[in-house]
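Chemist: File target-v2.pdb follows (PDB, C-alpha atoms):
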```
ATOM      1  CA  MET F 294      47.276   6.682-130.841
ATOM      2  CA  THR F 295      48.572   9.751-132.647
ATOM      3  CA  ILE F 296      48.767  12.908-130.530
ATOM      4  CA  ALA F 297      47.763  16.004-132.465
ATOM      5  CA  PRO F 298      50.410  18.739-132.444
ATOM      6  CA  ALA F 299      49.689  21.872-130.441
ATOM      7  CA  PRO F 300      48.216  24.684-132.533
ATOM      8  CA  MET F 301      50.694  27.397-133.482
ATOM      9  CA  PRO F 302      49.839  31.054-132.913
ATOM     10  CA  THR F 303      51.597  33.693-134.940
ATOM     11  CA  VAL F 304      53.927  35.739-132.744
ATOM     12  CA  GLU F 305      55.471  39.132-133.473
ATOM     13  CA  GLY F 306      57.874  40.781-131.061
ATOM     14  CA  PHE F 307      58.352  44.546-130.795
ATOM     15  CA  PHE F 308      61.678  45.308-129.122
ATOM     16  CA  ASP F 309      61.999  48.478-127.031
ATOM     17  CA  PRO F 310      65.695  49.435-126.902
ATOM     18  CA  ALA F 311      65.230  51.872-124.010
ATOM     19  CA  THR F 312      64.126  49.124-121.603
ATOM     20  CA  HIS F 313      65.225  45.977-123.470
ATOM     21  CA  THR F 314      61.585  44.854-123.308
ATOM     22  CA  ILE F 315      59.678  42.830-125.894
ATOM     23  CA  THR F 316      55.983  43.496-126.421
ATOM     24  CA  TYR F 317      54.275  40.545-128.098
ATOM     25  CA  LEU F 318      51.420  40.468-130.565
ATOM     26  CA  VAL F 319      49.975  36.952-130.540
ATOM     27  CA  ALA F 320      47.255  35.909-132.981
ATOM     28  CA  ASP F 321      45.168  32.905-133.931
ATOM     29  CA  PRO F 322      45.679  32.298-137.674
ATOM     30  CA  ALA F 323      42.262  30.650-137.946
ATOM     31  CA  THR F 324      40.144  33.493-136.529
ATOM     32  CA  GLY F 325      42.320  36.611-136.357
ATOM     33  CA  ALA F 326      41.759  36.890-132.603
ATOM     34  CA  ALA F 327      44.771  38.573-130.989
ATOM     35  CA  ALA F 328      46.355  39.427-127.655
ATOM     36  CA  VAL F 329      49.047  41.913-126.719
ATOM     37  CA  ILE F 330      51.418  40.761-123.985
ATOM     38  CA  ASP F 331      53.465  43.132-121.778
ATOM     39  CA  PRO F 332      52.970  46.387-123.744
ATOM     40  CA  VAL F 333      55.366  49.287-123.130
ATOM     41  CA  LEU F 334      54.390  52.891-122.442
ATOM     42  CA  ASP F 335      57.350  55.086-123.387
ATOM     43  CA  TYR F 336      58.687  57.230-120.557
ATOM     44  CA  ASP F 337      61.463  59.797-120.512
ATOM     45  CA  ALA F 338      62.684  60.111-116.929
ATOM     46  CA  ALA F 339      64.552  63.367-117.516
ATOM     47  CA  SER F 340      61.464  65.257-118.708
ATOM     48  CA  GLY F 341      58.768  63.200-116.987
ATOM     49  CA  ARG F 342      56.995  62.750-120.323
ATOM     50  CA  THR F 343      55.072  59.672-121.418
ATOM     51  CA  SER F 344      54.433  58.678-125.018
ATOM     52  CA  ALA F 345      52.381  56.023-126.801
ATOM     53  CA  ALA F 346      54.755  55.772-129.769
ATOM     54  CA  SER F 347      55.656  52.132-129.087
ATOM     55  CA  LEU F 348      52.030  51.181-128.527
ATOM     56  CA  GLU F 349      51.014  52.826-131.773
ATOM     57  CA  GLN F 350      53.388  50.573-133.692
ATOM     58  CA  VAL F 351      51.627  47.541-132.253
ATOM     59  CA  LEU F 352      48.142  48.934-132.844
ATOM     60  CA  ALA F 353      49.067  49.851-136.423
ATOM     61  CA  ARG F 354      50.209  46.278-137.005
ATOM     62  CA  ILE F 355      46.922  44.936-135.618
ATOM     63  CA  ALA F 356      45.010  47.157-138.040
ATOM     64  CA  GLU F 357      47.305  46.267-140.950
ATOM     65  CA  ARG F 358      46.713  42.551-140.412
ATOM     66  CA  GLY F 359      42.990  42.959-139.796
ATOM     67  CA  LEU F 360      43.195  41.331-136.359
ATOM     68  CA  LYS F 361      40.659  41.620-133.549
ATOM     69  CA  LEU F 362      42.317  42.492-130.250
ATOM     70  CA  GLU F 363      40.606  40.407-127.575
ATOM     71  CA  ARG F 364      42.960  40.614-124.601
ATOM     72  CA  ILE F 365      45.854  42.496-123.043
ATOM     73  CA  LEU F 366      47.934  40.144-120.900
ATOM     74  CA  GLU F 367      50.485  41.104-118.258
ATOM     75  CA  THR F 368      53.002  38.554-116.982
ATOM     76  CA  HIS F 369      53.630  40.607-113.806
ATOM     77  CA  ALA F 370      53.975  44.150-112.448
ATOM     78  CA  HIS F 371      57.180  45.209-114.159
ATOM     79  CA  ALA F 372      59.916  47.122-112.336
ATOM     80  CA  ASP F 373      61.798  48.250-115.430
ATOM     81  CA  HIS F 374      59.195  49.792-117.721
ATOM     82  CA  LEU F 375      55.811  51.440-117.545
ATOM     83  CA  THR F 376      53.000  49.296-118.887
ATOM     84  CA  GLY F 377      50.882  50.552-121.780
ATOM     85  CA  ALA F 378      47.992  48.242-120.860
ATOM     86  CA  ASP F 379      45.565  50.947-119.749
ATOM     87  CA  GLU F 380      46.313  53.102-122.801
ATOM     88  CA  ILE F 381      45.487  50.190-125.111
ATOM     89  CA  ARG F 382      42.355  49.389-123.105
ATOM     90  CA  ARG F 383      41.133  52.971-123.419
ATOM     91  CA  ARG F 384      41.758  52.979-127.173
ATOM     92  CA  THR F 385      40.369  49.537-127.997
ATOM     93  CA  GLY F 386      38.176  48.356-125.138
ATOM     94  CA  ALA F 387      40.228  45.151-124.793
ATOM     95  CA  PRO F 388      40.305  43.853-121.186
ATOM     96  CA  ILE F 389      43.498  43.521-119.132
ATOM     97  CA  GLY F 390      44.412  40.253-117.424
ATOM     98  CA  ILE F 391      47.142  39.490-114.878
ATOM     99  CA  GLY F 392      47.934  36.860-112.247
ATOM    100  CA  SER F 393      45.655  36.898-109.201
ATOM    101  CA  ARG F 394      48.509  37.471-106.746
ATOM    102  CA  ILE F 395      48.986  40.987-108.116
ATOM    103  CA  THR F 396      47.053  41.973-104.990
ATOM    104  CA  GLU F 397      50.151  41.196-102.900
ATOM    105  CA  VAL F 398      52.253  43.525-105.038
ATOM    106  CA  GLN F 399      49.599  46.242-104.873
ATOM    107  CA  LYS F 400      49.542  46.000-101.096
ATOM    108  CA  VAL F 401      53.311  46.415-100.710
ATOM    109  CA  PHE F 402      53.788  49.223-103.200
ATOM    110  CA  GLY F 403      50.491  50.946-102.525
ATOM    111  CA  VAL F 404      51.775  51.517 -98.995
ATOM    112  CA  LEU F 405      55.253  52.566-100.178
ATOM    113  CA  PHE F 406      53.873  55.224-102.526
ATOM    114  CA  GLU F 407      50.928  56.157-100.289
ATOM    115  CA  ALA F 408      48.775  55.446-103.336
ATOM    116  CA  HIS F 409      45.432  55.926-101.616
ATOM    117  CA  ASP F 410      43.539  55.436-104.883
ATOM    118  CA  VAL F 411      44.906  51.893-105.241
ATOM    119  CA  SER F 412      42.995  49.204-103.404
ATOM    120  CA  ALA F 413      44.848  45.914-103.008
ATOM    121  CA  ASP F 414      42.090  43.892-104.655
ATOM    122  CA  GLY F 415      43.117  43.944-108.311
ATOM    123  CA  VAL F 416      39.948  45.710-109.463
ATOM    124  CA  VAL F 417      41.891  48.013-111.798
ATOM    125  CA  PHE F 418      42.482  44.883-113.892
ATOM    126  CA  ASP F 419      39.626  43.167-115.697
ATOM    127  CA  SER F 420      40.711  39.563-115.067
ATOM    128  CA  LEU F 421      42.775  38.028-112.261
ATOM    129  CA  TYR F 422      44.019  34.622-113.343
ATOM    130  CA  ALA F 423      44.549  31.713-110.982
ATOM    131  CA  ASP F 424      47.128  29.016-111.575
ATOM    132  CA  GLY F 425      45.815  26.542-114.138
ATOM    133  CA  GLU F 426      43.058  28.823-115.388
ATOM    134  CA  ARG F 427      42.094  28.209-119.002
ATOM    135  CA  PHE F 428      40.442  30.299-121.690
ATOM    136  CA  THR F 429      40.666  30.639-125.455
ATOM    137  CA  LEU F 430      42.087  33.152-127.889
ATOM    138  CA  GLY F 431      39.948  32.541-130.933
ATOM    139  CA  SER F 432      40.411  28.797-131.450
ATOM    140  CA  LEU F 433      43.690  28.665-129.502
ATOM    141  CA  PRO F 434      43.761  27.143-126.009
ATOM    142  CA  VAL F 435      45.391  29.315-123.345
ATOM    143  CA  GLU F 436      46.543  28.128-119.921
ATOM    144  CA  VAL F 437      47.896  30.308-117.129
ATOM    145  CA  LEU F 438      50.869  28.964-115.179
ATOM    146  CA  HIS F 439      51.713  30.640-111.878
ATOM    147  CA  THR F 440      55.510  31.006-112.052
ATOM    148  CA  PRO F 441      56.561  33.084-109.022
ATOM    149  CA  GLY F 442      60.075  33.741-107.821
ATOM    150  CA  HIS F 443      60.950  36.961-109.607
ATOM    151  CA  THR F 444      57.818  38.412-107.999
ATOM    152  CA  PRO F 445      55.051  36.565-106.128
ATOM    153  CA  ALA F 446      52.555  37.420-108.877
ATOM    154  CA  CYS F 447      54.412  36.258-112.007
ATOM    155  CA  VAL F 448      52.523  34.113-114.484
ATOM    156  CA  SER F 449      53.393  32.536-117.820
ATOM    157  CA  TYR F 450      50.865  32.132-120.630
ATOM    158  CA  VAL F 451      50.774  28.874-122.592
ATOM    159  CA  ILE F 452      49.121  29.715-125.918
ATOM    160  CA  GLY F 453      49.103  26.718-128.232
ATOM    161  CA  ASP F 454      52.725  25.658-128.708
ATOM    162  CA  ALA F 455      54.104  28.962-127.368
ATOM    163  CA  VAL F 456      54.790  30.103-123.798
ATOM    164  CA  PHE F 457      55.278  33.728-122.770
ATOM    165  CA  VAL F 458      57.450  33.548-119.666
ATOM    166  CA  GLY F 459      57.888  37.223-118.777
ATOM    167  CA  ASP F 460      61.037  37.681-116.718
ATOM    168  CA  THR F 461      61.154  34.117-115.373
ATOM    169  CA  LEU F 462      63.646  32.969-118.008
ATOM    170  CA  PHE F 463      65.815  34.838-120.487
ATOM    171  CA  MET F 464      67.750  33.560-123.483
ATOM    172  CA  PRO F 465      69.995  30.609-122.558
ATOM    173  CA  ASP F 466      73.153  32.739-122.742
ATOM    174  CA  TYR F 467      71.748  35.303-120.288
ATOM    175  CA  GLY F 468      70.067  33.148-117.655
ATOM    176  CA  THR F 469      67.164  33.796-115.325
ATOM    177  CA  ALA F 470      65.311  36.540-113.469
ATOM    178  CA  ARG F 471      66.567  38.292-110.372
ATOM    179  CA  CYS F 472      64.804  37.353-107.135
ATOM    180  CA  ASP F 473      65.598  40.230-104.787
ATOM    181  CA  PHE F 474      62.383  42.235-105.180
ATOM    182  CA  PRO F 475      59.757  42.142-102.377
ATOM    183  CA  GLY F 476      58.204  38.688-102.370
ATOM    184  CA  GLY F 477      60.876  37.282-104.688
ATOM    185  CA  ASP F 478      62.630  34.024-103.838
ATOM    186  CA  ALA F 479      65.300  32.063-105.705
ATOM    187  CA  ARG F 480      64.121  28.653-104.512
ATOM    188  CA  THR F 481      60.604  29.450-105.648
ATOM    189  CA  LEU F 482      61.925  30.603-109.023
ATOM    190  CA  TYR F 483      63.808  27.318-109.484
ATOM    191  CA  ARG F 484      60.619  25.347-108.941
ATOM    192  CA  SER F 485      58.645  27.601-111.270
ATOM    193  CA  ILE F 486      61.210  27.093-114.019
ATOM    194  CA  GLN F 487      60.938  23.326-113.598
ATOM    195  CA  ARG F 488      57.253  23.612-114.511
ATOM    196  CA  ILE F 489      58.223  25.326-117.755
ATOM    197  CA  LEU F 490      61.005  22.852-118.521
ATOM    198  CA  ALA F 491      58.531  19.971-118.029
ATOM    199  CA  LEU F 492      56.621  21.104-121.141
ATOM    200  CA  PRO F 493      57.304  19.340-124.473
ATOM    201  CA  SER F 494      60.881  19.970-125.592
ATOM    202  CA  GLN F 495      59.879  21.677-128.848
ATOM    203  CA  THR F 496      57.651  24.214-127.071
ATOM    204  CA  ARG F 497      58.536  27.752-128.113
ATOM    205  CA  LEU F 498      59.465  30.121-125.281
ATOM    206  CA  PHE F 499      59.234  33.903-125.629
ATOM    207  CA  VAL F 500      61.144  35.930-123.045
ATOM    208  CA  GLY F 501      60.254  39.343-121.637
ATOM    209  CA  HIS F 502      63.646  41.022-122.085
ATOM    210  CA  ASP F 503      66.919  40.573-123.871
ATOM    211  CA  TYR F 504      70.041  42.155-122.456
ATOM    212  CA  LEU F 505      73.013  41.433-124.675
ATOM    213  CA  PRO F 506      75.544  39.150-122.982
ATOM    214  CA  GLU F 507      79.193  39.434-123.834
ATOM    215  CA  GLY F 508      79.887  38.014-127.271
ATOM    216  CA  ARG F 509      76.419  38.594-128.771
ATOM    217  CA  THR F 510      75.396  41.660-130.771
ATOM    218  CA  ASP F 511      71.883  40.776-131.994
ATOM    219  CA  HIS F 512      68.790  40.873-129.779
ATOM    220  CA  ARG F 513      66.852  37.625-129.494
ATOM    221  CA  TRP F 514      63.678  36.648-127.686
ATOM    222  CA  GLU F 515      62.563  33.237-128.949
ATOM    223  CA  THR F 516      64.003  29.972-127.632
ATOM    224  CA  THR F 517      62.704  26.488-126.766
ATOM    225  CA  VAL F 518      62.265  24.295-123.737
ATOM    226  CA  ALA F 519      65.017  22.010-125.062
ATOM    227  CA  ALA F 520      67.478  24.874-125.513
ATOM    228  CA  GLU F 521      66.825  26.235-122.024
ATOM    229  CA  ALA F 522      67.035  22.822-120.365
ATOM    230  CA  ALA F 523      70.337  22.066-122.062
ATOM    231  CA  GLY F 524      72.102  25.391-122.127
ATOM    232  CA  ASN F 525      70.683  28.058-119.814
ATOM    233  CA  ILE F 526      73.745  29.371-118.000
ATOM    234  CA  HIS F 527      71.964  29.553-114.637
ATOM    235  CA  ILE F 528      69.700  26.519-114.599
ATOM    236  CA  GLY F 529      70.477  24.342-117.614
ATOM    237  CA  GLY F 530      72.236  20.997-117.694
ATOM    238  CA  GLY F 531      70.387  19.680-114.679
ATOM    239  CA  ARG F 532      71.720  22.200-112.135
ATOM    240  CA  SER F 533      70.468  21.339-108.657
ATOM    241  CA  GLU F 534      68.111  23.535-106.696
ATOM    242  CA  ASP F 535      70.681  24.341-104.008
ATOM    243  CA  ASP F 536      73.342  25.240-106.570
ATOM    244  CA  PHE F 537      70.897  27.483-108.404
ATOM    245  CA  VAL F 538      69.838  29.263-105.225
ATOM    246  CA  ALA F 539      73.466  29.923-104.268
ATOM    247  CA  LEU F 540      74.286  31.225-107.746
ATOM    248  CA  ARG F 541      71.155  33.366-108.027
ATOM    249  CA  GLU F 542      71.462  34.943-104.586
ATOM    250  CA  ALA F 543      75.149  35.732-105.111
ATOM    251  CA  ARG F 544      74.396  37.377-108.451
ATOM    252  CA  ASP F 545      71.443  39.343-107.078
ATOM    253  CA  ALA F 546      73.681  40.820-104.379
ATOM    254  CA  THR F 547      75.705  42.543-107.126
ATOM    255  CA  LEU F 548      72.787  44.030-109.088
ATOM    256  CA  LYS F 549      71.740  47.674-109.046
ATOM    257  CA  VAL F 550      68.164  48.781-108.519
ATOM    258  CA  PRO F 551      66.417  49.097-111.919
ATOM    259  CA  ALA F 552      66.534  52.688-113.178
ATOM    260  CA  LEU F 553      62.760  52.969-113.628
ATOM    261  CA  ILE F 554      61.574  50.926-110.642
ATOM    262  CA  LEU F 555      59.903  53.853-108.844
ATOM    263  CA  PRO F 556      57.920  55.313-111.751
ATOM    264  CA  SER F 557      57.185  51.859-113.171
ATOM    265  CA  LEU F 558      55.617  50.342-110.096
ATOM    266  CA  GLN F 559      53.498  53.404-109.376
ATOM    267  CA  ILE F 560      51.964  53.069-112.823
ATOM    268  CA  ASN F 561      51.902  49.293-113.050
ATOM    269  CA  ILE F 562      49.961  48.644-109.845
ATOM    270  CA  ARG F 563      47.332  50.861-111.476
ATOM    271  CA  ALA F 564      47.305  48.662-114.627
ATOM    272  CA  GLY F 565      49.011  51.477-116.519
ATOM    273  CA  ALA F 566      46.782  54.363-115.470
ATOM    274  CA  LEU F 567      48.503  57.568-114.386
ATOM    275  CA  PRO F 568      48.152  58.708-110.758
ATOM    276  CA  PRO F 569      45.076  60.839-110.075
ATOM    277  CA  ALA F 570      45.372  64.551-110.778
ATOM    278  CA  GLU F 571      45.920  67.070-108.020
ATOM    279  CA  ALA F 572      43.611  70.077-107.613
ATOM    280  CA  SER F 573      45.655  71.915-110.244
ATOM    281  CA  GLY F 574      44.993  69.178-112.773
ATOM    282  CA  GLN F 575      48.667  68.145-112.760
ATOM    283  CA  ARG F 576      49.663  64.526-112.117
ATOM    284  CA  PHE F 577      52.763  63.578-110.134
ATOM    285  CA  LEU F 578      54.947  60.548-109.536
ATOM    286  CA  LYS F 579      56.410  60.129-106.044
ATOM    287  CA  THR F 580      60.009  59.390-105.121
ATOM    288  CA  PRO F 581      60.135  57.968-101.601
ATOM    289  CA  LEU F 582      63.524  58.830-100.132
ATOM    290  CA  ASN F 583      65.749  56.170 -98.576
ATOM    291  CA  ALA F 584      63.034  53.550 -98.970
ATOM    292  CA  ILE F 585      64.498  51.195-101.585
TER     293      ILE F 585
END
```
Any chance you could put this one into structure tokens?

Modeler:
Amino acid sequence: MTIAPAPMPTVEGFFDPATHTITYLVADPATGAAAVIDPVLDYDAASGRTSAASLEQVLARIAERGLKLERILETHAHADHLTGADEIRRRTGAPIGIGSRITEVQKVFGVLFEAHDVSADGVVFDSLYADGERFTLGSLPVEVLHTPGHTPACVSYVIGDAVFVGDTLFMPDYGTARCDFPGGDARTLYRSIQRILALPSQTRLFVGHDYLPEGRTDHRWETTVAAEAAGNIHIGGGRSEDDFVALREARDATLKVPALILPSLQINIRAGALPPAEASGQRFLKTPLNAI
């Protein structure tokens, strides 16, 4: 019996140099149905100003190609950039989806920021996806894989022959996600990555960030299951679970807190909406002292 090849979505990556983040525009060639994955809302920490400039590039490309935006997909609540999901939803009406365990992240950081407008039930998102949940993007099959470890709520999206892994894996020469955020766990991450590496070897993998390792000068964000299994510097070549955990935990102990973790998480647990206005009409981000 001949097994039909997985359908191939078109994938465009929009690299944000300020946060080393890639926003993806994924489309079904047969129907023009499209999704945006992990969109970036520009934020200047010095001035406290937000901007939709990066989002507008993506939306302009959707219009140029005549695509129909059906979904906005988040791989997790990011700690290094503000999400533009709510801004796109307000402009287009497209619903926002995220992994169902986002409620755990909302609970932790809602308390930290005393975000009384945030209920830890995920209702600010339109869809909360369980592990193994399936839907379609036009004619393309989509499956949600729960891939925790970096955070408890991380998911990867399998869309045809492509997988969008968020921060779970990076390019082979950079490695894997850190696991020292609340609810993160290196052993859990190892097991999540094994689920990804069990996919067909030719499966395309699209990573959430690219930080240039020593010796490379060009940003990259597409790899394959085969390339990661063979050459990922943290987990490739059949590294054992115990060895990975030791390596990952030792590396995490040397890492600084992400520069935008406090503004990012305040926005991202709200699906990208800004905090509610005070009586003056002004909106504020909070900086809890000595809490991180």

Chemist: Evaluated on this file, the PyMOL selection byres ((chain F and resi 501-517) around 8) picks out some residues - which ones are they, written as a ChimeraX atom specification?

Modeler: /F:306,313-316,331,457-460,463-467,494-500,518-521

Chemist: Show me, as a list of chain:residue names, the residues that have an atom within 6 Å of Ala328 (chain F) when counting all atoms listed in the file, minus same-chain residues fewer than 4 positions from it.

Modeler: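 With the cut-off at 6 Å, the set is F:Leu318, F:Val319, F:Leu362, F:Glu363, F:Arg364, F:Ile365.
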
Chemist: So which residues touch region 433-447 of chain F within 6 Å, counting all atoms listed in the file, skipping near sequence neighbours fewer than 5 positions away, as a list in words?

Modeler: Thr368, His369, Gly392, Arg394, Ile395, Asp424, Gly425, Glu426, Arg427, Phe428, Ile452, Gly453, Ala470, Arg471, Cys472, Gly476, Gly477, Asp478, Ala479, Thr481, Leu482 and Ser485 of chain F

Chemist: For C-alpha atoms, I'd like the residues from the last selection saved as an mmCIF file, in the coordinates of the input.

Modeler:
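Final output, saved to out_4.cif:
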```cif
data_model
loop_
_atom_site.group_PDB
_atom_site.id
_atom_site.type_symbol
_atom_site.label_atom_id
_atom_site.label_comp_id
_atom_site.auth_asym_id
_atom_site.auth_seq_id
_atom_site.Cartn_x
_atom_site.Cartn_y
_atom_site.Cartn_z
ATOM 1 C CA THR F 368 53.002 38.554 -116.982
ATOM 2 C CA HIS F 369 53.630 40.607 -113.806
ATOM 3 C CA GLY F 392 47.934 36.860 -112.247
ATOM 4 C CA ARG F 394 48.509 37.471 -106.746
ATOM 5 C CA ILE F 395 48.986 40.987 -108.116
ATOM 6 C CA ASP F 424 47.128 29.016 -111.575
ATOM 7 C CA GLY F 425 45.815 26.542 -114.138
ATOM 8 C CA GLU F 426 43.058 28.823 -115.388
ATOM 9 C CA ARG F 427 42.094 28.209 -119.002
ATOM 10 C CA PHE F 428 40.442 30.299 -121.690
ATOM 11 C CA ILE F 452 49.121 29.715 -125.918
ATOM 12 C CA GLY F 453 49.103 26.718 -128.232
ATOM 13 C CA ALA F 470 65.311 36.540 -113.469
ATOM 14 C CA ARG F 471 66.567 38.292 -110.372
ATOM 15 C CA CYS F 472 64.804 37.353 -107.135
ATOM 16 C CA GLY F 476 58.204 38.688 -102.370
ATOM 17 C CA GLY F 477 60.876 37.282 -104.688
ATOM 18 C CA ASP F 478 62.630 34.024 -103.838
ATOM 19 C CA ALA F 479 65.300 32.063 -105.705
ATOM 20 C CA THR F 481 60.604 29.450 -105.648
ATOM 21 C CA LEU F 482 61.925 30.603 -109.023
ATOM 22 C CA SER F 485 58.645 27.601 -111.270
#
```

Chemist: Between CA of Thr343 (chain F) and CA of Gln399 (chain F), what is the distance, to one decimal in Å?

Modeler: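 We find that CA of Thr343 (chain F) and CA of Gln399 (chain F) lie 22.0 Å from each other.
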
Chemist: Evaluate the PyMOL selection byres ((chain F and resi 345) around 12) here and jot the selected residues down as a PyMOL selection string.

Modeler: chain F and resi 332-337+342-344+346-353+375-381+384+565

Chemist: Would it be fine to have region 392-405 of chain F, with N, CA, C and O atoms, given as a compact mmCIF listing (two decimals), in the first residue's frame?

Modeler:
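Listed below is the output, selection-v8.txt:
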```
# COMPACT_ATOMS: atom_id res chain seq x y z
N GLY F 392 -2.76 26.44 24.00
CA GLY F 392 -2.89 25.21 24.76
C GLY F 392 -3.73 25.39 26.01
O GLY F 392 -3.71 26.44 26.66
N SER F 393 -4.49 24.36 26.39
CA SER F 393 -5.45 24.48 27.48
C SER F 393 -4.81 24.73 28.84
O SER F 393 -5.45 25.28 29.74
N ARG F 394 -3.52 24.38 28.98
CA ARG F 394 -2.89 24.58 30.29
C ARG F 394 -2.39 26.01 30.48
O ARG F 394 -1.73 26.30 31.48
N ILE F 395 -2.76 26.90 29.59
CA ILE F 395 -2.48 28.33 29.79
C ILE F 395 -3.09 28.79 31.12
O ILE F 395 -2.60 29.75 31.74
N THR F 396 -4.13 28.12 31.57
CA THR F 396 -4.76 28.51 32.83
C THR F 396 -3.79 28.44 34.00
O THR F 396 -3.87 29.24 34.94
N GLU F 397 -2.84 27.49 33.96
CA GLU F 397 -1.84 27.39 35.02
C GLU F 397 -0.91 28.59 35.01
O GLU F 397 -0.50 29.09 36.06
N VAL F 398 -0.55 29.05 33.82
CA VAL F 398 0.32 30.22 33.69
C VAL F 398 -0.42 31.47 34.13
O VAL F 398 0.12 32.34 34.82
N GLN F 399 -1.69 31.58 33.74
CA GLN F 399 -2.49 32.73 34.16
C GLN F 399 -2.61 32.80 35.68
O GLN F 399 -2.56 33.89 36.27
N LYS F 400 -2.75 31.66 36.31
CA LYS F 400 -2.90 31.64 37.76
C LYS F 400 -1.65 32.17 38.44
O LYS F 400 -1.72 33.03 39.34
N VAL F 401 -0.47 31.68 38.00
CA VAL F 401 0.78 32.09 38.63
C VAL F 401 1.05 33.57 38.42
O VAL F 401 1.33 34.32 39.38
N PHE F 402 0.95 34.03 37.18
CA PHE F 402 1.34 35.40 36.89
C PHE F 402 0.21 36.40 37.14
O PHE F 402 0.48 37.58 37.37
N GLY F 403 -1.02 35.94 37.15
CA GLY F 403 -2.10 36.81 37.57
C GLY F 403 -1.93 37.24 39.01
O GLY F 403 -2.15 38.40 39.38
N VAL F 404 -1.48 36.30 39.85
CA VAL F 404 -1.20 36.62 41.26
C VAL F 404 0.01 37.53 41.37
O VAL F 404 -0.01 38.53 42.11
N LEU F 405 1.09 37.22 40.64
CA LEU F 405 2.31 38.03 40.72
C LEU F 405 2.04 39.49 40.39
O LEU F 405 2.53 40.39 41.07
```
